[in-house]
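> File follows, entry-v4.txt with compact mmCIF, C-alpha atoms:
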```txt
# COMPACT_ATOMS: atom_id res chain seq x y z
CA MET A 725 -0.36 15.68 10.52
CA GLU A 726 2.83 16.14 12.57
CA LEU A 727 4.37 12.79 11.67
CA HIS A 728 3.24 13.13 8.09
CA HIS A 729 4.86 16.51 7.69
CA LEU A 730 7.94 16.37 9.95
CA LYS A 731 8.89 12.77 9.23
CA HIS A 732 7.43 11.42 6.01
CA HIS A 733 7.62 14.54 3.87
CA GLN A 734 11.01 15.45 5.33
CA THR A 735 12.34 12.00 4.43
CA TYR A 736 11.30 12.47 0.81
CA ILE A 737 13.14 15.80 0.74
CA THR A 738 16.27 14.39 2.38
CA ASN A 739 16.39 11.43 0.04
CA LEU A 740 15.58 13.53 -3.02
CA ASN A 741 18.46 15.87 -2.25
CA LYS A 742 20.81 12.92 -1.82
CA ALA A 743 19.76 11.36 -5.10
CA LEU A 744 19.98 14.65 -7.00
CA GLU A 745 23.48 15.27 -5.65
CA VAL A 746 24.74 11.82 -6.58
CA SER A 747 23.13 12.15 -10.00
CA ALA A 748 24.61 15.60 -10.63
CA ASP A 749 28.12 14.50 -9.63
CA ALA A 750 27.87 11.39 -11.77
CA THR A 751 26.62 13.36 -14.78
CA ALA A 752 29.37 15.95 -14.40
CA GLU A 753 31.92 13.13 -14.48
CA GLY A 754 30.29 11.41 -17.43
CA ARG A 755 29.26 8.38 -15.38
CA LEU A 756 25.84 8.27 -16.99
CA HIS A 757 25.18 4.74 -15.77
CA ASP A 758 25.57 5.96 -12.19
CA ALA A 759 23.34 8.95 -12.91
CA ALA A 760 20.73 6.63 -14.40
CA ALA A 761 20.88 4.47 -11.28
CA GLN A 762 19.48 7.43 -9.33
CA LEU A 763 16.43 7.91 -11.55
CA SER A 764 14.21 5.64 -9.50
CA ALA A 765 15.07 7.46 -6.28
CA ILE A 766 14.61 10.86 -7.93
CA ARG A 767 11.25 9.84 -9.32
CA PHE A 768 10.03 8.35 -6.05
CA ASN A 769 11.32 10.97 -3.65
CA GLY A 770 10.75 13.82 -6.07
CA GLY A 771 7.19 12.67 -6.54
CA GLY A 772 6.78 12.36 -2.79
CA HIS A 773 8.01 15.91 -2.28
CA ILE A 774 5.80 17.31 -5.04
CA ASN A 775 2.71 15.42 -3.93
CA HIS A 776 3.02 16.38 -0.29
CA SER A 777 3.87 20.02 -1.07
CA LEU A 778 0.68 20.32 -3.12
CA PHE A 779 -1.29 18.34 -0.55
CA TRP A 780 -0.57 20.63 2.42
CA GLU A 781 -1.69 23.59 0.32
CA ASN A 782 -4.94 21.92 -0.73
CA LEU A 783 -6.01 21.26 2.86
CA SER A 784 -7.62 23.80 5.15
CA PRO A 785 -9.10 23.90 8.64
CA ALA A 786 -12.74 22.91 8.38
CA SER A 787 -13.83 26.15 10.04
CA SER A 788 -12.21 28.35 7.39
CA PRO A 789 -14.26 29.81 4.53
CA ASP A 790 -11.57 28.33 2.24
CA ALA A 791 -12.95 24.87 3.05
CA LYS A 792 -16.35 25.66 1.60
CA PRO A 793 -17.07 24.52 -1.97
CA SER A 794 -18.55 27.99 -2.54
CA ALA A 795 -15.00 29.31 -2.38
CA ALA A 796 -14.54 27.74 -5.83
CA PRO A 797 -17.37 29.03 -8.05
CA LYS A 798 -15.72 28.43 -11.44
CA LEU A 799 -14.49 25.01 -10.44
CA GLN A 800 -17.91 24.09 -9.00
CA ALA A 801 -19.52 25.02 -12.30
CA ALA A 802 -17.08 22.81 -14.15
CA ILE A 803 -17.64 19.97 -11.67
CA THR A 804 -21.40 20.19 -12.07
CA SER A 805 -21.05 20.30 -15.82
CA THR A 806 -18.80 17.21 -15.78
CA TRP A 807 -20.39 14.95 -13.11
CA GLY A 808 -23.88 16.44 -12.82
CA SER A 809 -23.48 17.60 -9.24
CA LEU A 810 -20.91 18.08 -6.51
CA ASP A 811 -22.30 15.02 -4.69
CA LYS A 812 -21.85 12.85 -7.75
CA PHE A 813 -18.29 14.07 -8.11
CA ARG A 814 -17.68 13.36 -4.43
CA SER A 815 -18.92 9.75 -4.85
CA ALA A 816 -16.85 9.21 -7.95
CA PHE A 817 -13.77 10.65 -6.27
CA ALA A 818 -14.27 8.53 -3.15
CA ALA A 819 -14.69 5.38 -5.24
CA ALA A 820 -11.46 6.14 -7.07
CA LEU A 821 -9.59 6.70 -3.82
CA LEU A 822 -10.93 3.52 -2.25
CA GLY A 823 -10.12 1.53 -5.36
CA ILE A 824 -6.41 2.15 -5.08
CA GLN A 825 -4.64 -1.18 -4.54
CA GLY A 826 -1.61 -0.43 -2.41
CA SER A 827 -0.17 3.04 -1.85
CA GLY A 828 -1.11 6.00 -3.98
CA TRP A 829 -2.93 9.27 -4.46
CA GLY A 830 -6.15 10.49 -6.02
CA TRP A 831 -6.23 13.83 -7.80
CA LEU A 832 -8.80 16.06 -9.43
CA VAL A 833 -6.93 17.41 -12.44
CA LYS A 834 -7.52 19.85 -15.26
CA GLU A 835 -6.47 18.01 -18.37
CA ALA A 836 -3.81 19.56 -20.56
CA GLY A 837 -5.11 20.81 -23.89
CA THR A 838 -8.82 20.16 -23.36
CA GLY A 839 -9.16 21.81 -19.95
CA GLN A 840 -11.52 18.97 -18.98
CA LEU A 841 -11.76 17.85 -15.38
CA ARG A 842 -10.61 14.30 -14.68
CA ILE A 843 -10.17 12.12 -11.61
CA VAL A 844 -6.84 10.35 -11.76
CA THR A 845 -5.24 7.90 -9.38
CA LEU A 846 -1.51 7.41 -9.25
CA ALA A 847 0.45 4.63 -7.60
CA ASN A 848 3.05 5.12 -4.89
CA GLN A 849 4.59 8.60 -5.39
CA GLU A 850 3.90 9.06 -9.07
CA ALA A 851 2.97 12.72 -9.50
CA VAL A 852 0.87 14.84 -11.85
CA VAL A 853 3.86 16.28 -13.66
CA VAL A 854 3.27 15.86 -17.35
CA GLY A 855 0.88 18.46 -18.73
CA ASP A 856 -2.21 18.07 -16.54
CA ILE A 857 -2.78 20.56 -13.74
CA PRO A 858 -3.40 19.06 -10.29
CA LEU A 859 -6.31 20.84 -8.57
CA PHE A 860 -6.44 18.91 -5.33
CA GLY A 861 -5.16 15.58 -4.14
CA VAL A 862 -5.77 13.08 -1.35
CA ASP A 863 -3.01 10.88 0.05
CA MET A 864 -4.16 7.25 0.34
CA TRP A 865 -0.92 5.87 1.76
CA GLU A 866 -1.72 4.16 5.05
CA HIS A 867 0.53 6.58 6.92
CA ALA A 868 -1.89 9.36 5.95
CA TYR A 869 -4.67 7.94 8.11
CA TYR A 870 -3.73 4.82 10.02
CA LEU A 871 -3.08 6.20 13.51
CA GLN A 872 -6.52 7.79 13.56
CA TYR A 873 -8.66 5.59 11.35
CA LEU A 874 -6.79 2.25 11.48
CA ASN A 875 -7.98 0.25 8.48
CA GLY A 876 -11.19 2.34 8.26
CA LYS A 877 -10.26 4.20 5.12
CA VAL A 878 -13.90 4.78 4.13
CA ALA A 879 -14.22 7.10 7.14
CA TYR A 880 -10.95 8.87 6.29
CA VAL A 881 -12.09 9.50 2.71
CA ASP A 882 -15.44 10.71 4.01
CA ASN A 883 -13.95 13.08 6.56
CA ILE A 884 -11.16 14.58 4.49
CA TRP A 885 -13.88 16.14 2.37
CA ASN A 886 -14.33 18.63 5.26
CA VAL A 887 -10.79 19.94 5.00
CA ILE A 888 -10.33 20.30 1.27
CA ASN A 889 -9.13 23.81 0.47
CA TRP A 890 -11.54 24.83 -2.29
CA LYS A 891 -10.01 28.30 -2.49
CA THR A 892 -6.68 26.77 -3.48
CA ALA A 893 -8.40 24.40 -5.87
CA GLU A 894 -10.13 27.35 -7.55
CA ALA A 895 -6.83 29.22 -7.80
CA ARG A 896 -5.16 26.19 -9.39
CA TYR A 897 -8.11 25.83 -11.76
CA THR A 898 -7.77 29.39 -13.01
CA GLU A 899 -4.04 30.09 -12.89
CA THR A 900 -1.14 28.91 -15.01
CA ARG A 901 0.61 25.61 -14.55
CA GLU A 902 3.75 27.46 -13.47
CA ASP A 903 1.85 29.13 -10.65
CA VAL A 904 0.45 25.84 -9.41
CA PHE A 905 3.94 24.50 -8.84
CA LYS A 906 5.45 27.67 -7.41
CA VAL A 907 5.48 26.11 -3.94
CA LEU A 908 8.36 23.94 -5.14
CA LYS A 909 10.44 26.94 -6.23
CA ALA A 910 9.72 28.74 -2.98
CA ASN A 911 11.33 25.90 -1.03
CA ILE A 912 14.57 25.46 -2.93
CA MET B 660 -3.32 -21.88 4.42
CA ALA B 661 -7.04 -22.38 4.21
CA ALA B 662 -8.80 -23.51 1.06
CA SER B 663 -11.41 -25.64 2.76
CA VAL B 664 -14.15 -27.27 0.77
CA LEU B 665 -17.76 -26.90 1.92
CA ARG B 666 -16.82 -25.03 5.09
CA ILE B 667 -17.17 -21.36 5.85
CA ALA B 668 -16.05 -20.27 9.30
CA PRO B 669 -18.87 -18.38 11.08
CA SER B 670 -16.77 -15.23 11.32
CA ALA B 671 -16.01 -15.31 7.60
CA ARG B 672 -19.62 -15.99 6.74
CA ALA B 673 -20.76 -13.05 8.83
CA ALA B 674 -18.08 -10.89 7.32
CA LEU B 675 -19.15 -11.91 3.82
CA ARG B 676 -22.73 -10.98 4.60
CA ALA B 677 -21.83 -7.76 6.32
CA SER B 678 -19.15 -6.46 4.01
CA SER B 679 -20.47 -3.78 1.71
CA ALA B 680 -17.42 -1.56 1.40
CA LYS B 681 -16.33 -3.28 -1.79
CA PRO B 682 -15.22 -1.91 -5.12
CA ALA B 683 -18.10 -0.99 -7.41
CA GLY B 684 -19.82 -3.97 -8.97
CA ALA B 685 -18.46 -6.56 -6.57
CA ALA B 686 -21.77 -8.14 -5.55
CA LEU B 687 -21.87 -11.75 -4.43
CA ALA B 688 -23.67 -14.18 -6.69
CA SER B 689 -26.31 -14.77 -4.04
CA ALA B 690 -28.12 -17.85 -5.22
CA ALA B 691 -25.27 -19.99 -6.51
CA PHE B 692 -23.17 -21.77 -3.90
CA VAL B 693 -19.53 -21.55 -4.79
CA ARG B 694 -17.49 -24.54 -3.73
CA GLY B 695 -14.35 -24.04 -1.70
CA LYS B 696 -14.62 -20.48 -0.40
CA ALA B 697 -11.51 -18.99 1.13
CA THR B 698 -11.56 -18.57 4.87
CA LEU B 699 -9.45 -16.66 7.34
CA PRO B 700 -6.93 -19.09 8.86
CA ASP B 701 -6.48 -19.03 12.61
CA LEU B 702 -3.18 -17.74 13.93
CA PRO B 703 -1.00 -20.45 15.49
CA TYR B 704 -0.43 -18.12 18.49
CA ASP B 705 -2.20 -15.38 20.47
CA TYR B 706 -2.31 -11.83 19.16
CA GLY B 707 0.06 -10.67 21.89
CA ALA B 708 2.51 -13.54 21.49
CA LEU B 709 4.93 -11.68 19.23
CA GLU B 710 5.46 -8.80 21.63
CA PRO B 711 7.49 -6.70 22.09
CA HIS B 712 8.56 -7.10 18.46
CA ILE B 713 5.12 -6.82 16.91
CA SER B 714 2.36 -5.45 19.10
CA GLY B 715 -0.79 -7.40 19.89
CA LYS B 716 -2.89 -4.51 18.61
CA ILE B 717 -1.19 -4.71 15.22
CA MET B 718 -1.54 -8.48 15.06
CA GLU B 719 -5.23 -8.29 15.88
CA LEU B 720 -6.04 -5.58 13.32
CA HIS B 721 -3.78 -7.15 10.74
CA HIS B 722 -5.44 -10.55 11.07
CA LYS B 723 -9.09 -9.71 11.87
CA ASN B 724 -9.43 -6.67 9.63
CA HIS B 725 -6.84 -6.56 6.90
CA HIS B 726 -6.51 -10.26 6.12
CA GLN B 727 -10.27 -10.78 6.54
CA THR B 728 -10.86 -8.05 3.95
CA TYR B 729 -8.65 -9.88 1.48
CA VAL B 730 -10.56 -13.12 2.14
CA ASN B 731 -13.86 -11.33 1.54
CA GLY B 732 -12.55 -9.64 -1.58
CA LEU B 733 -11.18 -12.90 -2.93
CA ASN B 734 -14.46 -14.75 -2.45
CA SER B 735 -16.33 -11.86 -4.03
CA ALA B 736 -14.02 -11.76 -7.04
CA LEU B 737 -14.21 -15.53 -7.49
CA ALA B 738 -18.00 -15.47 -7.31
CA GLU B 739 -18.19 -12.73 -9.91
CA ILE B 740 -15.72 -14.49 -12.19
CA GLU B 741 -17.61 -17.75 -11.89
CA GLU B 742 -20.90 -16.03 -12.63
CA ALA B 743 -19.46 -14.22 -15.66
CA ALA B 744 -17.85 -17.39 -16.96
CA SER B 745 -21.04 -19.40 -16.51
CA LYS B 746 -22.88 -16.81 -18.61
CA GLY B 747 -20.24 -17.07 -21.30
CA ASN B 748 -19.00 -13.56 -20.56
CA GLN B 749 -15.30 -14.27 -20.67
CA SER B 750 -14.44 -10.62 -21.21
CA LYS B 751 -16.11 -9.61 -17.99
CA ALA B 752 -14.32 -12.42 -16.21
CA ALA B 753 -11.03 -11.13 -17.57
CA THR B 754 -11.67 -7.60 -16.30
CA LEU B 755 -11.86 -9.03 -12.78
CA ALA B 756 -8.25 -10.22 -12.94
CA PRO B 757 -6.81 -7.25 -10.98
CA LEU B 758 -9.24 -7.82 -8.10
CA LEU B 759 -8.43 -11.53 -8.08
CA ASN B 760 -4.70 -10.81 -8.07
CA PHE B 761 -4.96 -8.21 -5.34
CA HIS B 762 -7.27 -10.00 -2.93
CA GLY B 763 -6.04 -13.48 -3.82
CA GLY B 764 -2.46 -12.35 -3.40
CA GLY B 765 -3.36 -10.66 -0.12
CA HIS B 766 -4.89 -13.89 1.18
CA ILE B 767 -1.96 -16.03 0.07
CA ASN B 768 0.68 -13.62 1.35
CA HIS B 769 -0.84 -13.15 4.78
CA SER B 770 -1.56 -16.85 5.21
CA LEU B 771 2.11 -17.61 4.56
CA PHE B 772 3.19 -14.71 6.78
CA TRP B 773 1.33 -15.87 9.92
CA GLU B 774 2.95 -19.28 9.53
CA ASN B 775 6.49 -17.97 9.20
CA LEU B 776 6.19 -15.97 12.41
CA ALA B 777 6.43 -17.43 15.93
CA PRO B 778 6.78 -16.12 19.48
CA ALA B 779 10.39 -15.27 20.33
CA ASN B 780 10.40 -17.76 23.18
CA LYS B 781 9.04 -20.59 21.04
CA ASP B 782 10.47 -21.18 17.54
CA GLY B 783 10.79 -17.48 16.82
CA GLY B 784 14.09 -15.84 15.99
CA GLY B 785 17.59 -17.24 16.10
CA GLU B 786 19.06 -18.83 13.03
CA PRO B 787 18.01 -21.76 10.86
CA GLU B 788 19.55 -25.21 11.07
CA GLY B 789 20.02 -28.22 8.83
CA ALA B 790 19.39 -28.10 5.10
CA LEU B 791 18.07 -24.52 5.24
CA LYS B 792 21.22 -23.36 7.03
CA SER B 793 23.39 -25.04 4.43
CA ALA B 794 21.40 -23.59 1.55
CA ILE B 795 21.71 -20.10 3.01
CA ALA B 796 25.45 -20.51 3.50
CA ARG B 797 25.79 -21.81 -0.03
CA ASP B 798 23.69 -19.12 -1.74
CA PHE B 799 24.34 -16.07 0.45
CA GLY B 800 27.68 -16.82 2.08
CA SER B 801 26.28 -16.34 5.55
CA PHE B 802 23.08 -15.78 7.51
CA ALA B 803 24.21 -12.20 8.16
CA THR B 804 24.44 -11.55 4.44
CA LEU B 805 20.93 -12.93 3.94
CA GLN B 806 19.68 -10.64 6.67
CA SER B 807 21.26 -7.55 5.19
CA GLN B 808 19.95 -8.43 1.70
CA VAL B 809 16.43 -8.87 3.01
CA ASN B 810 16.62 -5.62 4.98
CA ALA B 811 17.95 -3.75 1.96
CA ALA B 812 15.15 -5.19 -0.17
CA LEU B 813 12.58 -4.14 2.42
CA ALA B 814 14.02 -0.64 2.69
CA GLY B 815 13.99 -0.34 -1.08
CA ILE B 816 10.28 -0.97 -1.53
CA GLN B 817 8.67 2.18 -2.92
CA GLY B 818 5.10 2.04 -1.71
CA SER B 819 3.44 -1.11 -0.40
CA GLY B 820 4.88 -4.57 -0.81
CA TRP B 821 6.63 -7.62 0.55
CA ALA B 822 10.11 -9.09 0.67
CA TRP B 823 10.47 -12.84 0.25
CA LEU B 824 13.16 -15.47 0.63
CA VAL B 825 12.34 -17.78 -2.23
CA LYS B 826 13.65 -20.89 -3.91
CA ASP B 827 14.30 -20.62 -7.62
CA LYS B 828 12.96 -23.96 -8.79
CA ALA B 829 14.93 -24.03 -12.01
CA ALA B 830 18.26 -23.03 -10.48
CA GLY B 831 17.66 -24.76 -7.17
CA THR B 832 19.06 -21.75 -5.35
CA LEU B 833 17.65 -19.37 -2.76
CA GLN B 834 17.08 -15.70 -3.57
CA VAL B 835 15.61 -12.57 -2.07
CA VAL B 836 12.85 -10.96 -4.13
CA THR B 837 10.29 -8.23 -3.54
CA ARG B 838 6.71 -8.01 -4.69
CA ALA B 839 4.67 -4.83 -5.04
CA ASN B 840 1.31 -4.43 -3.33
CA GLN B 841 -0.19 -7.93 -2.94
CA ASP B 842 1.38 -9.54 -5.99
CA PRO B 843 2.03 -13.15 -4.99
CA VAL B 844 5.22 -15.13 -5.42
CA SER B 845 4.46 -17.64 -8.14
CA GLY B 846 5.76 -19.36 -11.24
CA ASN B 847 9.39 -20.39 -10.94
CA TYR B 848 9.74 -19.12 -7.38
CA VAL B 849 8.56 -20.91 -4.24
CA PRO B 850 7.94 -18.57 -1.30
CA LEU B 851 9.87 -19.69 1.79
CA MET B 852 9.74 -16.68 4.13
CA GLY B 853 7.88 -13.40 3.72
CA ILE B 854 7.93 -10.06 5.52
CA ASP B 855 5.05 -7.62 5.11
CA ALA B 856 6.30 -4.09 4.42
CA TRP B 857 2.87 -2.46 4.07
CA GLU B 858 2.58 0.39 6.56
CA HIS B 859 -0.34 -1.31 8.32
CA ALA B 860 2.09 -4.08 9.31
CA TYR B 861 4.01 -1.75 11.63
CA TYR B 862 2.66 1.79 11.76
CA LEU B 863 0.81 1.69 15.09
CA GLN B 864 4.00 0.61 16.83
CA TYR B 865 6.87 1.96 14.77
CA GLN B 866 5.28 4.83 12.83
CA ASN B 867 7.70 5.94 10.12
CA ARG B 868 10.64 4.14 11.78
CA LYS B 869 10.36 1.16 9.48
CA ALA B 870 14.03 0.19 9.83
CA GLU B 871 13.29 -0.58 13.47
CA TYR B 872 10.42 -2.87 12.48
CA PHE B 873 12.55 -4.60 9.85
CA SER B 874 15.20 -5.16 12.51
CA ALA B 875 12.75 -6.36 15.18
CA ILE B 876 10.88 -8.89 13.05
CA TRP B 877 13.94 -11.15 12.83
CA ASN B 878 13.22 -12.04 16.47
CA VAL B 879 9.96 -13.69 15.49
CA ILE B 880 10.78 -15.46 12.22
CA ASN B 881 9.83 -19.13 12.42
CA TRP B 882 12.77 -20.88 10.77
CA LYS B 883 11.25 -24.31 11.33
CA ALA B 884 8.29 -23.32 9.19
CA VAL B 885 10.64 -21.90 6.55
CA ALA B 886 12.70 -25.11 6.60
CA GLY B 887 9.52 -27.12 6.13
CA ARG B 888 8.68 -25.12 3.03
CA LEU B 889 12.17 -25.62 1.62
CA GLU B 890 11.79 -29.35 2.09
CA LYS B 891 8.58 -29.37 0.06
CA ALA B 892 9.81 -26.89 -2.56
```
Once more with this new file: its structure as structure tokens, please.

Amino acid sequence: MELHHLKHHQTYITNLNKALEVSADATAEGRLHDAAAQLSAIRFNGGGHINHSLFWENLSPASSPDAKPSAAPKLQAAITSTWGSLDKFRSAFAAALLGIQGSGWGWLVKEAGTGQLRIVTLANQEAVVVGDIPLFGVDMWEHAYYLQYLNGKVAYVDNIWNVINWKTAEARYTETREDVFKVLKANI
Amino acid sequence: MAASVLRIAPSARAALRASSAKPAGAALASAAFVRGKATLPDLPYDYGALEPHISGKIMELHHKNHHQTYVNGLNSALAEIEEAASKGNQSKAATLAPLLNFHGGGHINHSLFWENLAPANKDGGGEPEGALKSAIARDFGSFATLQSQVNAALAGIQGSGWAWLVKDKAAGTLQVVTRANQDPVSGNYVPLMGIDAWEHAYYLQYQNRKAEYFSAIWNVINWKAVAGRLEKA
């Protein structure tokens, strides 16, 4: 947790700020080619910052009532309606996480427009930014688990279930998209 | 690189039997014997031989767990593809392409990797000689420039991947390329020297300080092996 937060997430922020600054200067001076050259770094580091910001919020100490699925009654109802049961959702989510080839994230999202629940996986630091609302995510980059689990990612996926913050997930399920991303505004 | 016919190393056979943590639907075709199963190649050195640059713990996990998993996944994918093809289900075979690419690439990449590493006190590190040295001077200007290009390529990988010194067969020149995840070097490029930039390749020892790992690994690059590949390219 310490390395992940203090080092990895911080690095995304540092590099995002650098890329945004270079891009802004270039745009102001009409050097659009130089601004465009920063897009990859903005996307990668911006995504990293967004993903990790949401991630910390959707985790909770296992002992807290927030970590109980019962903290998310509306979301649980939707999960049951979609996958048949919480257990079936858990299996489907785990399979999606374990199927990621390389670095990436798995998210439970509320689909834009339909409001349907979907499991999505995204590569590297792609983020849920266009339309859909991220409810909770799990980081499957090796740095998220390696020191503790080594290559045993099945155990990591199993255990992280105990620290999912269902209260936050419920809030994200019921509030506006703007509210879900307010953590980003709060840290500008 | 191991593509041995009619031989399955005991460890690989046990691993094939035991492995159940596979993607959904990846069951072995139990009855049919598939010729030429992939096997985990032995390392040409002990796990601890690359210390202090790469720890023995990393080498052991990387070889016995990570690479073995790719071998298992490759054999599983091949068995499924062969079964689908034999039943005339070409579409199903085609849907297995990503698994084949991922696990097959993982097996190829790691097999090449072990061979282009060597203990620092025996073939590891230093600079290349002969034809490889000349080619590097010709195509990069200097060994130092090659090094900084490779390090920049490694640092620029967003996610998991590899950096490779390759020969462009058409142009006859050497280049530095990167590959995402386990995508193999293929087609017009011949892989000469690869460096694994997946976090599992360094995390236990270097944590997030990947620049230190990228710097340290130059001490254990086996230039003789790389030169041998150039000769055959």
> Quick one: which chain A residues come within 10 Å of chain B, and what is the nearest atom pair for each with the distance in Å to one decimal, counting only C-alpha atoms, rows ordered by chain and ascending number, as CSV?

```
residue,atom,partner,partner_atom,distance
A:Leu727,CA,B:Asn867,CA,7.8
A:His728,CA,B:Asn867,CA,8.7
A:Lys731,CA,B:Asn867,CA,7.0
A:His732,CA,B:Asn867,CA,6.9
A:Thr735,CA,B:Asn867,CA,9.5
A:Ser764,CA,B:Gln817,CA,9.3
A:Ala765,CA,B:Gln817,CA,9.0
A:Phe768,CA,B:Gln817,CA,7.1
A:Asn769,CA,B:Gln817,CA,9.2
A:Ala819,CA,B:Pro682,CA,7.3
A:Ala820,CA,B:Pro682,CA,9.1
A:Leu822,CA,B:Pro682,CA,7.5
A:Gly823,CA,B:Pro682,CA,6.2
A:Ile824,CA,B:Pro682,CA,9.7
A:Gln825,CA,B:Asn840,CA,6.9
A:Gly826,CA,B:Asn840,CA,5.0
A:Ser827,CA,B:Gly818,CA,5.4
A:Gly828,CA,B:Gly818,CA,7.7
A:Ala847,CA,B:Gly818,CA,7.9
A:Asn848,CA,B:Gly818,CA,4.9
A:Gln849,CA,B:Gly818,CA,7.5
A:Trp865,CA,B:Gly818,CA,7.9
A:Glu866,CA,B:Glu858,CA,5.9
A:His867,CA,B:Glu858,CA,6.5
A:Tyr870,CA,B:His859,CA,7.2
A:Leu871,CA,B:Leu863,CA,6.2
A:Gln872,CA,B:Leu863,CA,9.7
A:Leu874,CA,B:His859,CA,8.0
A:Asn875,CA,B:His725,CA,7.1
A:Gly876,CA,B:Asn724,CA,9.3
A:Lys877,CA,B:Ala680,CA,9.9
A:Val878,CA,B:Ala680,CA,7.7
```
> Where does region 806-856 of chain B meet region 777-798 of chain B within 9 Å, residue by residue, with the nearest atom pair and distance in Å to one decimal for each, counting only C-alpha atoms, listed by chain and rising number, as a Markdown table?

```
| residue | atom | partner | partner_atom | distance |
| --- | --- | --- | --- | --- |
| B:Thr832 | CA | B:Asp798 | CA | 6.4 |
| B:Leu833 | CA | B:Asp798 | CA | 6.1 |
| B:Gln834 | CA | B:Asp798 | CA | 7.7 |
```
> In Å, with one decimal, what is the gap from CA of His733 (chain A) to CA of Asp903 (chain A)?
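Spanning CA of His733 (chain A) to CA of Asp903 (chain A) is a straight-line distance of 21.4 Å.
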> If you count only C-alpha atoms, which residues fall within 9 Å of Gly763 (chain B), apart from same-chain ones fewer than 6 positions away, as an mmCIF file with C-alpha atoms, in the frame of the given file?

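Full text of selection06.cif as output:
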```
data_model
loop_
_atom_site.group_PDB
_atom_site.id
_atom_site.type_symbol
_atom_site.label_atom_id
_atom_site.label_comp_id
_atom_site.auth_asym_id
_atom_site.auth_seq_id
_atom_site.Cartn_x
_atom_site.Cartn_y
_atom_site.Cartn_z
ATOM 1 C CA TYR B 729 -8.650 -9.880 1.480
ATOM 2 C CA VAL B 730 -10.560 -13.120 2.140
ATOM 3 C CA GLY B 732 -12.550 -9.640 -1.580
ATOM 4 C CA LEU B 733 -11.180 -12.900 -2.930
ATOM 5 C CA ASN B 734 -14.460 -14.750 -2.450
ATOM 6 C CA ALA B 736 -14.020 -11.760 -7.040
ATOM 7 C CA GLN B 841 -0.190 -7.930 -2.940
ATOM 8 C CA ASP B 842 1.380 -9.540 -5.990
ATOM 9 C CA PRO B 843 2.030 -13.150 -4.990
#
```
> For a test of reading the model, state the distance in Å between CA of Ala814 (chain B) and CA of Asp749 (chain A), rounded to one decimal.
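Atom-to-atom, CA of Ala814 (chain B) and CA of Asp749 (chain A) are spaced 24.1 Å apart.
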> Write region 794-803 of chain A as a CSV table (one decimal), in the coordinates of the input, completed to N, CA, C and O atoms.

```csv
chain,number,residue,atom,x,y,z
A,794,SER,N,-18.2,26.7,-2.0
A,794,SER,CA,-18.6,28.0,-2.5
A,794,SER,C,-17.4,28.9,-2.7
A,794,SER,O,-17.5,29.9,-3.4
A,795,ALA,N,-16.2,28.5,-2.2
A,795,ALA,CA,-15.0,29.3,-2.4
A,795,ALA,C,-14.4,29.0,-3.8
A,795,ALA,O,-13.4,29.7,-4.2
A,796,ALA,N,-15.1,28.1,-4.5
A,796,ALA,CA,-14.5,27.7,-5.8
A,796,ALA,C,-15.7,27.8,-6.9
A,796,ALA,O,-16.0,26.7,-7.4
A,797,PRO,N,-16.2,29.0,-7.2
A,797,PRO,CA,-17.4,29.0,-8.0
A,797,PRO,C,-17.1,28.5,-9.5
A,797,PRO,O,-17.9,27.7,-10.0
A,798,LYS,N,-16.0,28.9,-10.1
A,798,LYS,CA,-15.7,28.4,-11.4
A,798,LYS,C,-15.5,26.9,-11.5
A,798,LYS,O,-16.0,26.2,-12.3
A,799,LEU,N,-14.7,26.4,-10.5
A,799,LEU,CA,-14.5,25.0,-10.4
A,799,LEU,C,-15.8,24.2,-10.2
A,799,LEU,O,-16.0,23.2,-10.8
A,800,GLN,N,-16.6,24.8,-9.3
A,800,GLN,CA,-17.9,24.1,-9.0
A,800,GLN,C,-18.7,24.0,-10.3
A,800,GLN,O,-19.4,22.9,-10.5
A,801,ALA,N,-18.7,25.0,-11.0
A,801,ALA,CA,-19.5,25.0,-12.3
A,801,ALA,C,-19.0,23.9,-13.2
A,801,ALA,O,-19.8,23.2,-13.8
A,802,ALA,N,-17.7,23.8,-13.3
A,802,ALA,CA,-17.1,22.8,-14.2
A,802,ALA,C,-17.4,21.4,-13.6
A,802,ALA,O,-17.6,20.5,-14.4
A,803,ILE,N,-17.3,21.3,-12.3
A,803,ILE,CA,-17.6,20.0,-11.7
A,803,ILE,C,-19.1,19.5,-12.0
A,803,ILE,O,-19.3,18.4,-12.3
```
